[in-house]
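Undergrad: Structure below; questions to follow.
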Amino acid sequence: AAWRLECADKSLPCDLRLGDDVAQVSEGCWRVLSVGRSAQNPQFWERLLPDEVVRNTVSREQFEILGKTKASEGAEVEFTEFVLKNLSGRGTVLNNAVVHHEAVLRSGDSIAVGLVNSEYGCRPALHFRFVETPMTFAAAPLAALLGATVPSMLALVIPELQSLPQPEQGA
């Protein structure tokens, strides 16, 4: 299975995946997903938080998700545990509680960042949900069926890919 963050309160597609960044530590191997204004491209944050004042309440380095991996013979990575590591001076909200250091992360957990002031007080500007995605998406057969390329199909669900060069037809 693949693990990712999805935007929980915007209708815009937003998908951050626990990737190939690997940190070797004495307890084992950890995959790392960094989140913050300097970790993703500026357009990502501009799309999710159009107001610059609100966007700037998200730290440049807000948090990391660390996924501990199990030694595996196969190509698929198997995770044994996840940790949310706060990197922000303000903290990161996990399931409505502010985390200032580290906390265990589970499937379905809500992670909130940024700050919006309103007549009712302050609230987080943006919510993500940590979810597991089964590895059943077959992009190539679907793309072939629709007469499209895999990158163009993925660009429909992951807007950041729209800026990538597309292969020429017939190539």
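Chains: A, B, ... in order of the structure tokens. Residues: from 1 per chain. Ligands: from 1, in order shown.
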Which residues of range 74-118 of chain A come within 8 Å of range 47-67 of chain A, and for each one, what is the closest pair of atoms and their distance in Å to one decimal, counting only C-alpha atoms, sorted by chain and residue number, as a tab-separated table?
TA:
```
residue	atom	partner	partner_atom	distance
A:Phe79	CA	A:Gly67	CA	6.2
A:Thr80	CA	A:Gly67	CA	7.4
A:Glu81	CA	A:Gly67	CA	5.9
A:Phe82	CA	A:Gly67	CA	4.5
A:Val83	CA	A:Leu66	CA	5.1
A:Leu84	CA	A:Ile65	CA	4.8
A:Lys85	CA	A:Glu64	CA	5.1
A:Asn86	CA	A:Phe63	CA	4.4
A:Leu87	CA	A:Phe63	CA	4.9
A:Ser88	CA	A:Gln62	CA	4.9
A:Gly91	CA	A:Gln62	CA	7.9
A:Thr92	CA	A:Phe63	CA	7.1
A:Val113	CA	A:Val58	CA	6.0
A:Gly114	CA	A:Val58	CA	4.4
A:Leu115	CA	A:Thr57	CA	5.7
A:Val116	CA	A:Val54	CA	6.2
```
Undergrad: Which neighbours of Asp109 in chain A fall inside 8 Å, counting only C-alpha atoms, when residues of the same chain fewer than 4 positions from it are skipped, and could you give them as number ranges by chain?
TA: A: 94-95, 105, 129-131
Undergrad: Store the residues of this selection in a file with N, CA and C atoms, as a PDB file, in the first residue's frame.
TA:
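Output below, filename again_18.pdb:
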```pdb
ATOM      1  N   LEU A  94      -2.492  17.858  15.314  1.00  0.00           N
ATOM      2  CA  LEU A  94      -2.792  16.465  14.982  1.00  0.00           C
ATOM      3  C   LEU A  94      -4.048  16.070  15.742  1.00  0.00           C
ATOM      4  N   ASN A  95      -5.103  15.777  15.009  1.00  0.00           N
ATOM      5  CA  ASN A  95      -6.385  15.383  15.626  1.00  0.00           C
ATOM      6  C   ASN A  95      -6.813  16.368  16.718  1.00  0.00           C
ATOM      7  N   LEU A 105       1.501   8.548  14.348  1.00  0.00           N
ATOM      8  CA  LEU A 105       0.545   8.875  13.300  1.00  0.00           C
ATOM      9  C   LEU A 105      -0.126   7.596  12.826  1.00  0.00           C
ATOM     10  N   ARG A 129      -5.470  14.806   5.598  1.00  0.00           N
ATOM     11  CA  ARG A 129      -5.776  13.513   6.193  1.00  0.00           C
ATOM     12  C   ARG A 129      -4.709  12.530   5.740  1.00  0.00           C
ATOM     13  N   PHE A 130      -4.188  11.744   6.677  1.00  0.00           N
ATOM     14  CA  PHE A 130      -3.172  10.732   6.389  1.00  0.00           C
ATOM     15  C   PHE A 130      -3.901   9.440   6.034  1.00  0.00           C
ATOM     16  N   VAL A 131      -3.727   8.978   4.791  1.00  0.00           N
ATOM     17  CA  VAL A 131      -4.503   7.828   4.322  1.00  0.00           C
ATOM     18  C   VAL A 131      -3.633   6.803   3.612  1.00  0.00           C
TER      19      VAL A 131
END
```
Undergrad: Using only C-alpha atoms, pick whichever of A:Ala2, A:Glu132, A:Leu33, A:Trp45 has the shortest atom-to-atom distance to Ser107 in chain A.
TA: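 Of the candidates, the smallest distance to Ser107 in chain A is held by A:Glu132.
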Undergrad: What is the distance, in Å and to one decimal place, between CA of Ala112 in chain A and CA of Pro124 in chain A?
TA: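 So the two atoms, CA of Ala112 in chain A and CA of Pro124 in chain A, lie 5.8 Å apart.
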Undergrad: Can you pull out every residue within 8 Å of His127 in chain A, counting only C-alpha atoms, but drop anything in the same chain fewer than 6 positions away, and send it as a list in words?
TA: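 My list of contacting residues is Cys7, Ala8, Asp9, Ser110, Ile111, Ala112 and Val113 of chain A.
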Undergrad: Residues as selected, N, CA, C and O atoms, written as a JSON list (two decimals), in the first residue's frame, can you do that?
TA:
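Contents of the output file part28.json:
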```json
[["chain", "number", "residue", "atom", "x", "y", "z"],
["A", 7, "CYS", "N", -5.72, 16.54, 0.91],
["A", 7, "CYS", "CA", -6.31, 17.75, 1.46],
["A", 7, "CYS", "C", -7.73, 17.43, 1.88],
["A", 7, "CYS", "O", -8.52, 16.92, 1.09],
["A", 8, "ALA", "N", -8.06, 17.71, 3.13],
["A", 8, "ALA", "CA", -9.36, 17.31, 3.67],
["A", 8, "ALA", "C", -10.43, 18.39, 3.53],
["A", 8, "ALA", "O", -11.60, 18.08, 3.64],
["A", 9, "ASP", "N", -10.06, 19.64, 3.29],
["A", 9, "ASP", "CA", -11.10, 20.67, 3.26],
["A", 9, "ASP", "C", -11.05, 21.58, 2.04],
["A", 9, "ASP", "O", -11.53, 22.67, 2.05],
["A", 110, "SER", "N", -5.99, 13.42, 11.24],
["A", 110, "SER", "CA", -6.10, 14.75, 10.66],
["A", 110, "SER", "C", -4.91, 15.59, 11.11],
["A", 110, "SER", "O", -4.58, 15.64, 12.29],
["A", 111, "ILE", "N", -4.26, 16.25, 10.13],
["A", 111, "ILE", "CA", -3.13, 17.13, 10.40],
["A", 111, "ILE", "C", -3.50, 18.51, 9.88],
["A", 111, "ILE", "O", -3.91, 18.64, 8.72],
["A", 112, "ALA", "N", -3.40, 19.52, 10.74],
["A", 112, "ALA", "CA", -3.78, 20.87, 10.35],
["A", 112, "ALA", "C", -2.60, 21.82, 10.48],
["A", 112, "ALA", "O", -1.77, 21.68, 11.38],
["A", 113, "VAL", "N", -2.54, 22.78, 9.55],
["A", 113, "VAL", "CA", -1.45, 23.75, 9.52],
["A", 113, "VAL", "C", -2.01, 25.15, 9.27],
["A", 113, "VAL", "O", -3.13, 25.31, 8.80]]
```
